[in-house]
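Participant: Before I ask anything, here is the structure I am working with.
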Amino acid sequence: MGRGRDFRGGGNGRGRRATDEDQAFLVPVPAFIPKPVRRSQPADISPVEATVKWFNPEKGFGFVEIADGSGDAFLSIKTLQAIGNDTVSPSAKLSVFVGQGEKGRQVTKITAMDDSGTTIAPTCAASTASRPRRVEANLSEGNEVFGTVKWFSAEKGMSFVEAEDGGKDVFIHISVVKKAALADLSEGQRISMRVIESAKGRQAISVETVDY
């Protein structure tokens with residue numbers, strides 16, 4: 001019986017040379033596989049409500065809990081200083097913008113603050129979360145200070161004023177504005193205030209408009 005033909009190669013034991021057809025089925029292997037580009041998450045396009053969990057002014061940072069249940073966010077002292085504050089109390093209510101930093105979510109801007117120091121019960125948090133504190137004090141106790149309104153929010157019921165005496169910004173409760181028979185305060189408006197020092201910072205107990 002004759003031997004079967006060996007299609008694996010020629011008689012010399014060497015494999016046959018690859019033809020052009022064979023080359024067409026060869027898949028080139030890339031020299032490297034590029035790593036996916038990690039894109040940073042965009043910042044929130046609208047402010048969200050948050051509650052301060054804790055803040056350490058000596059270390060210069062703390063954390064807030066976002067009200068929508070999405071978790072915590074880092075709060076830097078620089079963000080507080082942008083609105084004239086060096087610290088904030090636990091349970092304080094904030095309206096903030098949140099973005100993605102190198103170490104996770106962080107507060108990028110504060111648009112409103114209610115640092116009343118009052119612990120709000122869970123059952124009434126929704127209705128009182130943005131209610132600022134009322135200032136009741138003897139007018140004779142305050143010092144007259146002139147200043148310029150930085151911002152005013154009728155919805156939040158508060159305002160902050162840049163004082164001309166070189167001190168920290170002054171907090172004004174909306175009740176003080178109403179007592180002065182003023183409808184509101186305008187950004188850049190110059191006013192005169194009676195200011196007291198409290199555990200939470202400088203507060204106006206009376207206000208009136210002045211001409212430049």
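How things are named: the first chain in the structure tokens is A, the next is B, and so on; residues count from 1 in each chain; ligands count from 1 in the order shown.
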Quick one: everything within 9 Å of A:Asp169, counting only C-alpha atoms, minus sequence neighbours fewer than 6 positions away in the same chain. Send it as a ChimeraX atom specification.
Facilitator: /A:83-85,147,150,160-163,201-203
Participant: Could you save the residues just selected, with N, CA and C atoms, as a CSV table (one decimal), in the first residue's frame?
Facilitator:
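File written: result.csv
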```csv
chain,number,residue,atom,x,y,z
A,83,ILE,N,-17.6,83.5,51.5
A,83,ILE,CA,-18.8,84.2,51.9
A,83,ILE,C,-18.6,84.9,53.3
A,84,GLY,N,-17.3,85.0,53.7
A,84,GLY,CA,-17.0,85.8,54.9
A,84,GLY,C,-17.0,85.0,56.2
A,85,ASN,N,-17.0,83.7,56.1
A,85,ASN,CA,-17.0,82.9,57.4
A,85,ASN,C,-15.7,82.1,57.4
A,147,GLY,N,-21.8,99.5,55.9
A,147,GLY,CA,-21.4,98.4,55.1
A,147,GLY,C,-22.1,98.3,53.8
A,150,LYS,N,-23.6,92.3,50.3
A,150,LYS,CA,-23.0,91.4,49.4
A,150,LYS,C,-24.1,90.6,48.6
A,160,PHE,N,-26.0,89.0,53.9
A,160,PHE,CA,-24.7,89.2,54.4
A,160,PHE,C,-24.1,90.5,53.9
A,161,VAL,N,-23.5,91.3,54.8
A,161,VAL,CA,-23.0,92.6,54.4
A,161,VAL,C,-21.5,92.7,54.7
A,162,GLU,N,-20.8,93.3,53.8
A,162,GLU,CA,-19.4,93.6,53.9
A,162,GLU,C,-19.2,94.8,54.7
A,163,ALA,N,-18.6,94.7,55.9
A,163,ALA,CA,-18.5,95.8,56.9
A,163,ALA,C,-17.3,96.7,56.5
A,201,GLY,N,-21.1,84.8,65.4
A,201,GLY,CA,-20.5,85.8,64.5
A,201,GLY,C,-21.2,87.2,64.7
A,202,ARG,N,-20.9,88.1,63.8
A,202,ARG,CA,-21.5,89.4,63.8
A,202,ARG,C,-22.9,89.4,63.2
A,203,GLN,N,-23.8,90.1,64.0
A,203,GLN,CA,-25.2,90.2,63.5
A,203,GLN,C,-25.7,91.6,63.7
```
Participant: Have a look at A:Ser159, A:Gly142, A:Val64, A:His173 and name the one nearest to A:Glu197; count only C-alpha atoms.
Facilitator: A:Gly142
Participant: Out of A:Glu102, A:Asp184, A:Asp114, A:Glu164, which residue has the shortest atom-to-atom distance to A:Phe74 when counting only C-alpha atoms?
Facilitator: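 Residue with the minimum atom-to-atom distance to A:Phe74: A:Glu102.
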Participant: Restricting the calculation to only C-alpha atoms: of A:Gln106, A:Ser206, A:Thr148, A:Gln189, which residue gets closest to A:Ile66?
Facilitator: A:Gln106
Participant: Which one is closest to A:Ala204: A:Val177, A:Ala183, A:Val170, A:Ala50? Count only C-alpha atoms.
Facilitator: A:Val170
Participant: Write out as a ChimeraX atom specification the residues lying within 7 Å of A:Phe63, counting only C-alpha atoms and excluding same-chain residues fewer than 2 positions away.
Facilitator: /A:52-55,65,72-75
Participant: Would you compute the distance between atom CA of A:Ser153 and atom CA of A:Ile174? Give it in Å to one decimal.
Facilitator: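 Atom CA of A:Ser153 sits 8.7 Å away from atom CA of A:Ile174.
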